[in-house]
Amino acid sequence: MQETIVIRTDHPNGLYDITERVRDRIAASGVKTGLVNVYVQGATAAIMIQENWDESVQNDVITLLKKLVPRGVWEHDHQDSNGDAHLKSGLIGPSETIPIINGKIGLSTWQNIFLCEFDGPREERRIVVTVFDCNAKEKRTPGSF
Amino acid sequence: MQETIVIRTDHPNGLYDITERVRDRIAASGVKTGLVNVYVQGATAAIMIQENWDESVQNDVITLLKKLVPRGVWEHDHQDSNGDAHLKSGLIGPSETIPIINGKIGLSTWQNIFLCEFDGPREERRIVVTVFDCNAKEKRTPGSF
Amino acid sequence: MQETIVIRTDHPNGLYDITERVRDRIAASGVKTGLVNVYVQGATAAIMIQENWDESVQNDVITLLKKLVPRGVWEHDHQDSNGDAHLKSGLIGPSETIPIINGKIGLSTWQNIFLCEFDGPREERRIVVTVFDCNAKEKRTPGSF
């Protein structure tokens, strides 16, 4: 099962919790044991697994990345002012692959799935959710042919 | 095939080699060509592929992350003193997905799989190992139904 | 479907675009909906999704990593002079897993797949490409047995 989630972002840099939307896709797939891959298209965004007790950790992620990857000092900024966004995106990476256990996403209590926006706001960030069934073989029966 | 490995950690920050335990799961699965996903539950740990000739690189990983993500300076530290652990976890990420080639894990000589503990010690770190078979289709026969 | 791509690198640090070689493997596989995992063997290299409009972002990635992970200051350097390469490799990670959508790789316009060399030049960097079919079940028919 594969579907694209579309998210609107409203800040230059921000984290957006997409966990519930991924849970919905897994429930719809009926997969009991497998993996879900969450992949953001676009070279100035990323996917991060992070705590969502409140906004403090999300703010700290933005603060840390601004410190590690300052704005406006990159070769790419001579063509385009978003060199820092590309570097943050490459450092965090565009995807996470998460187990599906007993039909539910295998996140722990404090793990949530975030879209990281590094060059917003954007009307449309497209996130591809692909669900894999680990037990396809066992679940298939002659009746299914 | 999916199983959970449980690891006890004995330091606030440390790397723990789990390669042999992942190899055992692959051998038990009988999968010849596929992928293995290794995912740690918990937003203050991570999974890293790294050299294990001796402890020097493991110590250097801890030193680097302490330098990049100092302790005690984060917004999250006002509620909980582990803001640095969440940031290290988000930067490294909770999983790795590794090919299975001819029934063996596709690591090179110097690649090993490590649990990274950033907020230990912990009695239980839970790591979900999911093995996927790339050749299920070819291997299936009418007799298997 | 699983194949190994071999790349020659010609600099100590550099990014090498392998997108077309991965696209070829997906086309050869005939998979319409699935995932492709791109995994580099070797603990001093990595795989990064990044823009390839020109070389500026690639140069900025090298500049950033040299700043974050300086050379020659690590415990591992006492045995081997490549401590920085191991740390860069662990920070970026050895693989990316990317969706396959309608038979094509699910990269956006500006996303390309790069081998990151951190300890070159090397005659041979080995990258394992594993293609998974999400629709194997639906596509299989009794005639295929």
# chains A, B, ... in the order shown; residues from 1 in each chain; ligands from 1
>>> residues_around(residues="range 30-44 of chain A", least_positions_apart="4", cutoff="7 Å", atoms="only C-alpha atoms", output="number ranges by chain")
A: 26, 85-86, 89, 94-103, 118-119, 126-135; C: 50-51, 98, 107-108, 110-111
>>> select_by_dssp(residues="chain B", states="alpha helix (DSSP H)", output="short mmCIF file (atom, residue, chain, number, x, y, z; two decimals) with all heavy atoms, in the first residue's frame")
data_model
loop_
_atom_site.label_atom_id
_atom_site.label_comp_id
_atom_site.auth_asym_id
_atom_site.auth_seq_id
_atom_site.Cartn_x
_atom_site.Cartn_y
_atom_site.Cartn_z
N THR B 19 25.55 -6.52 16.61
CA THR B 19 25.65 -7.18 15.30
C THR B 19 25.35 -8.67 15.38
O THR B 19 24.57 -9.20 14.57
CB THR B 19 27.06 -6.98 14.71
OG1 THR B 19 27.40 -5.60 14.80
CG2 THR B 19 27.13 -7.44 13.27
N GLU B 20 25.95 -9.36 16.38
CA GLU B 20 25.77 -10.82 16.45
C GLU B 20 24.31 -11.19 16.68
O GLU B 20 23.81 -12.17 16.11
CB GLU B 20 26.67 -11.43 17.51
CG GLU B 20 28.14 -11.47 17.09
CD GLU B 20 28.32 -11.99 15.66
OE1 GLU B 20 27.78 -13.08 15.34
OE2 GLU B 20 28.95 -11.28 14.84
N ARG B 21 23.62 -10.39 17.48
CA ARG B 21 22.21 -10.70 17.76
C ARG B 21 21.36 -10.51 16.52
O ARG B 21 20.40 -11.25 16.29
CB ARG B 21 21.71 -9.89 18.94
CG ARG B 21 22.53 -10.29 20.20
CD ARG B 21 22.00 -9.69 21.45
NE ARG B 21 20.67 -10.17 21.79
CZ ARG B 21 20.03 -9.81 22.90
NH1 ARG B 21 20.62 -8.97 23.76
NH2 ARG B 21 18.83 -10.26 23.16
N VAL B 22 21.71 -9.53 15.68
CA VAL B 22 20.98 -9.34 14.42
C VAL B 22 21.32 -10.49 13.46
O VAL B 22 20.42 -11.05 12.80
CB VAL B 22 21.30 -7.97 13.80
CG1 VAL B 22 20.64 -7.82 12.44
CG2 VAL B 22 20.85 -6.84 14.74
N ARG B 23 22.59 -10.89 13.39
CA ARG B 23 22.99 -12.02 12.53
C ARG B 23 22.20 -13.28 12.88
O ARG B 23 21.76 -14.02 12.00
CB ARG B 23 24.48 -12.35 12.71
CG ARG B 23 25.44 -11.43 12.02
CD ARG B 23 26.86 -12.01 12.12
NE ARG B 23 27.86 -10.97 12.08
CZ ARG B 23 28.33 -10.44 10.95
NH1 ARG B 23 27.87 -10.85 9.79
NH2 ARG B 23 29.25 -9.49 11.00
N ASP B 24 22.02 -13.52 14.19
CA ASP B 24 21.28 -14.71 14.63
C ASP B 24 19.85 -14.70 14.09
O ASP B 24 19.33 -15.72 13.66
CB ASP B 24 21.22 -14.77 16.17
CG ASP B 24 22.58 -15.00 16.81
OD1 ASP B 24 23.52 -15.41 16.08
OD2 ASP B 24 22.71 -14.74 18.02
N ARG B 25 19.21 -13.52 14.12
CA ARG B 25 17.82 -13.43 13.65
C ARG B 25 17.74 -13.72 12.16
O ARG B 25 16.80 -14.34 11.68
CB ARG B 25 17.23 -12.05 13.95
CG ARG B 25 17.14 -11.70 15.42
CD ARG B 25 16.42 -12.78 16.22
NE ARG B 25 16.43 -12.51 17.65
CZ ARG B 25 17.47 -12.60 18.46
NH1 ARG B 25 18.66 -12.95 18.00
NH2 ARG B 25 17.35 -12.36 19.75
N ILE B 26 18.73 -13.24 11.40
CA ILE B 26 18.74 -13.46 9.95
C ILE B 26 18.93 -14.96 9.67
O ILE B 26 18.20 -15.54 8.85
CB ILE B 26 19.83 -12.61 9.28
CG1 ILE B 26 19.47 -11.13 9.40
CG2 ILE B 26 20.02 -13.02 7.82
CD1 ILE B 26 20.59 -10.19 9.00
N ALA B 27 19.86 -15.58 10.38
CA ALA B 27 20.09 -17.02 10.19
C ALA B 27 18.81 -17.80 10.50
O ALA B 27 18.40 -18.68 9.74
CB ALA B 27 21.23 -17.49 11.08
N ALA B 28 18.13 -17.43 11.59
CA ALA B 28 16.89 -18.13 11.99
C ALA B 28 15.78 -17.95 10.96
O ALA B 28 14.93 -18.82 10.78
CB ALA B 28 16.43 -17.60 13.36
N SER B 29 15.81 -16.81 10.25
CA SER B 29 14.72 -16.52 9.29
C SER B 29 14.84 -17.35 8.02
O SER B 29 13.84 -17.54 7.31
CB SER B 29 14.75 -15.04 8.90
OG SER B 29 15.83 -14.78 8.00
N SER B 56 38.01 2.83 20.18
CA SER B 56 38.37 4.23 19.91
C SER B 56 37.28 4.97 19.13
O SER B 56 36.91 6.08 19.52
CB SER B 56 39.71 4.30 19.17
OG SER B 56 39.62 3.69 17.90
N VAL B 57 36.75 4.36 18.08
CA VAL B 57 35.73 5.07 17.29
C VAL B 57 34.46 5.29 18.13
O VAL B 57 33.84 6.35 18.08
CB VAL B 57 35.42 4.36 15.96
CG1 VAL B 57 34.34 5.11 15.19
CG2 VAL B 57 36.66 4.24 15.08
N GLN B 58 34.11 4.29 18.92
CA GLN B 58 32.93 4.42 19.79
C GLN B 58 33.11 5.59 20.75
O GLN B 58 32.20 6.41 20.94
CB GLN B 58 32.71 3.12 20.56
CG GLN B 58 32.50 1.91 19.66
CD GLN B 58 32.62 0.60 20.41
OE1 GLN B 58 32.05 0.42 21.48
NE2 GLN B 58 33.38 -0.33 19.87
N ASN B 59 34.32 5.71 21.34
CA ASN B 59 34.58 6.85 22.23
C ASN B 59 34.53 8.17 21.46
O ASN B 59 34.01 9.17 21.97
CB ASN B 59 35.96 6.70 22.89
CG ASN B 59 36.02 5.49 23.81
OD1 ASN B 59 34.98 5.00 24.27
ND2 ASN B 59 37.20 4.97 24.04
N ASP B 60 35.05 8.15 20.24
CA ASP B 60 35.05 9.38 19.43
C ASP B 60 33.62 9.81 19.06
O ASP B 60 33.34 11.01 19.00
CB ASP B 60 35.87 9.17 18.15
CG ASP B 60 37.38 9.09 18.41
OD1 ASP B 60 37.86 9.64 19.42
OD2 ASP B 60 38.08 8.45 17.59
N VAL B 61 32.73 8.84 18.83
CA VAL B 61 31.33 9.17 18.53
C VAL B 61 30.72 9.93 19.72
O VAL B 61 30.08 10.98 19.54
CB VAL B 61 30.49 7.90 18.22
CG1 VAL B 61 29.00 8.21 18.24
CG2 VAL B 61 30.91 7.29 16.89
N ILE B 62 30.95 9.44 20.93
CA ILE B 62 30.42 10.10 22.13
C ILE B 62 31.02 11.50 22.30
O ILE B 62 30.31 12.47 22.56
CB ILE B 62 30.70 9.23 23.39
CG1 ILE B 62 30.05 7.84 23.26
CG2 ILE B 62 30.25 9.95 24.65
CD1 ILE B 62 28.57 7.86 23.03
N THR B 63 32.34 11.60 22.07
CA THR B 63 33.03 12.90 22.19
C THR B 63 32.47 13.90 21.18
O THR B 63 32.18 15.05 21.53
CB THR B 63 34.54 12.71 21.94
OG1 THR B 63 35.05 11.75 22.86
CG2 THR B 63 35.30 14.02 22.09
N LEU B 64 32.32 13.45 19.93
CA LEU B 64 31.79 14.35 18.88
C LEU B 64 30.39 14.83 19.23
O LEU B 64 30.09 16.03 19.17
CB LEU B 64 31.76 13.62 17.54
CG LEU B 64 31.06 14.37 16.41
CD1 LEU B 64 31.82 15.63 16.01
CD2 LEU B 64 30.84 13.47 15.19
N LEU B 65 29.51 13.89 19.63
CA LEU B 65 28.12 14.27 19.89
C LEU B 65 28.01 15.19 21.11
O LEU B 65 27.17 16.09 21.13
CB LEU B 65 27.24 13.03 20.02
CG LEU B 65 27.03 12.28 18.71
CD1 LEU B 65 26.31 10.97 18.95
CD2 LEU B 65 26.25 13.13 17.69
N LYS B 66 28.88 14.98 22.11
CA LYS B 66 28.87 15.89 23.27
C LYS B 66 29.31 17.29 22.86
O LYS B 66 28.82 18.29 23.40
CB LYS B 66 29.78 15.36 24.39
CG LYS B 66 29.16 14.20 25.15
CD LYS B 66 30.05 13.74 26.30
CE LYS B 66 29.33 12.68 27.13
NZ LYS B 66 30.20 12.11 28.19
N LYS B 67 30.22 17.37 21.87
CA LYS B 67 30.70 18.68 21.39
C LYS B 67 29.61 19.36 20.55
O LYS B 67 29.32 20.55 20.74
CB LYS B 67 31.96 18.47 20.55
CG LYS B 67 32.72 19.75 20.21
CD LYS B 67 33.80 19.50 19.16
CE LYS B 67 33.40 20.06 17.82
NZ LYS B 67 34.13 19.58 16.65
N LEU B 68 28.97 18.59 19.67
CA LEU B 68 27.95 19.18 18.78
C LEU B 68 26.67 19.53 19.54
O LEU B 68 25.99 20.50 19.20
CB LEU B 68 27.62 18.22 17.63
CG LEU B 68 28.74 17.87 16.65
CD1 LEU B 68 28.22 16.91 15.58
CD2 LEU B 68 29.30 19.14 16.00
N GLY B 83 17.45 17.02 27.37
CA GLY B 83 17.30 17.65 26.05
C GLY B 83 18.38 17.24 25.07
O GLY B 83 18.10 16.99 23.89
N ASP B 84 19.62 17.16 25.54
CA ASP B 84 20.73 16.76 24.66
C ASP B 84 20.51 15.35 24.12
O ASP B 84 20.79 15.08 22.94
CB ASP B 84 22.07 16.86 25.38
CG ASP B 84 22.18 15.93 26.59
OD1 ASP B 84 21.22 15.89 27.41
OD2 ASP B 84 23.20 15.23 26.72
N ALA B 85 19.98 14.45 24.95
CA ALA B 85 19.77 13.05 24.52
C ALA B 85 18.75 12.99 23.38
O ALA B 85 18.93 12.24 22.40
CB ALA B 85 19.31 12.20 25.70
N HIS B 86 17.67 13.77 23.48
CA HIS B 86 16.67 13.79 22.40
C HIS B 86 17.28 14.31 21.09
O HIS B 86 16.99 13.79 20.01
CB HIS B 86 15.48 14.68 22.79
CG HIS B 86 14.59 14.06 23.80
ND1 HIS B 86 13.87 12.91 23.57
CD2 HIS B 86 14.29 14.44 25.07
CE1 HIS B 86 13.16 12.62 24.65
NE2 HIS B 86 13.40 13.51 25.57
N LEU B 87 18.11 15.33 21.20
CA LEU B 87 18.70 15.92 19.99
C LEU B 87 19.70 14.97 19.34
O LEU B 87 19.71 14.81 18.10
CB LEU B 87 19.35 17.25 20.33
CG LEU B 87 18.36 18.33 20.76
CD1 LEU B 87 19.10 19.53 21.34
CD2 LEU B 87 17.48 18.74 19.58
N LYS B 88 20.51 14.29 20.14
CA LYS B 88 21.46 13.30 19.59
C LYS B 88 20.69 12.18 18.90
O LYS B 88 21.05 11.72 17.81
CB LYS B 88 22.33 12.73 20.70
CG LYS B 88 23.30 13.73 21.32
CD LYS B 88 23.94 13.13 22.57
CE LYS B 88 24.90 14.10 23.24
NZ LYS B 88 25.44 13.51 24.51
N SER B 89 19.60 11.73 19.54
CA SER B 89 18.76 10.67 19.00
C SER B 89 18.16 11.07 17.65
O SER B 89 18.18 10.30 16.69
CB SER B 89 17.66 10.35 20.01
OG SER B 89 16.75 9.41 19.51
N GLY B 90 17.66 12.30 17.56
CA GLY B 90 17.07 12.78 16.31
C GLY B 90 18.09 12.95 15.19
O GLY B 90 17.80 12.73 14.02
N LEU B 91 19.30 13.33 15.58
CA LEU B 91 20.37 13.57 14.60
C LEU B 91 20.87 12.24 14.01
O LEU B 91 21.08 12.14 12.79
CB LEU B 91 21.52 14.29 15.31
CG LEU B 91 22.59 15.00 14.50
CD1 LEU B 91 21.99 16.09 13.62
CD2 LEU B 91 23.63 15.61 15.46
N ILE B 92 21.04 11.23 14.83
CA ILE B 92 21.55 9.92 14.36
C ILE B 92 20.41 9.08 13.79
O ILE B 92 20.58 8.41 12.77
CB ILE B 92 22.29 9.18 15.49
CG1 ILE B 92 23.46 10.01 16.04
CG2 ILE B 92 22.75 7.80 15.01
CD1 ILE B 92 24.46 10.45 14.98
N ALA B 136 10.54 -13.93 -2.01
CA ALA B 136 9.38 -14.73 -1.59
C ALA B 136 8.64 -15.28 -2.81
O ALA B 136 8.31 -16.46 -2.87
CB ALA B 136 8.44 -13.88 -0.75
N LYS B 137 8.48 -14.42 -3.81
CA LYS B 137 7.71 -14.82 -4.99
C LYS B 137 8.35 -16.03 -5.66
O LYS B 137 7.73 -17.06 -5.83
CB LYS B 137 7.64 -13.65 -5.96
CG LYS B 137 6.71 -13.89 -7.12
CD LYS B 137 6.32 -12.58 -7.79
CE LYS B 137 7.54 -11.77 -8.19
NZ LYS B 137 7.12 -10.57 -8.96
N GLU B 138 9.65 -15.90 -5.98
CA GLU B 138 10.36 -16.98 -6.68
C GLU B 138 10.36 -18.27 -5.86
O GLU B 138 10.29 -19.34 -6.40
CB GLU B 138 11.81 -16.58 -6.98
CG GLU B 138 11.94 -15.52 -8.06
CD GLU B 138 11.41 -14.18 -7.64
OE1 GLU B 138 11.47 -13.84 -6.44
OE2 GLU B 138 10.87 -13.47 -8.52
N LYS B 139 10.45 -18.14 -4.54
CA LYS B 139 10.62 -19.33 -3.71
C LYS B 139 9.30 -20.07 -3.47
O LYS B 139 9.30 -21.23 -3.11
CB LYS B 139 11.26 -18.96 -2.37
CG LYS B 139 12.75 -18.65 -2.50
CD LYS B 139 13.25 -17.85 -1.32
CE LYS B 139 13.10 -18.61 -0.02
NZ LYS B 139 13.47 -17.73 1.12
#
>>> atom_distance(atom1="CA of Arg122 in chain B", atom2="CA of Asp17 in chain A")
27.1 Å
>>> atom_distance(atom1="CA of Glu55 in chain B", atom2="CA of Asn13 in chain B")
13.5 Å
>>> select_by_dssp(residues="range 80-114 of chain A", states="strand (DSSP E)", output="ChimeraX atom specification")
/A:95-101,104-105,112-114
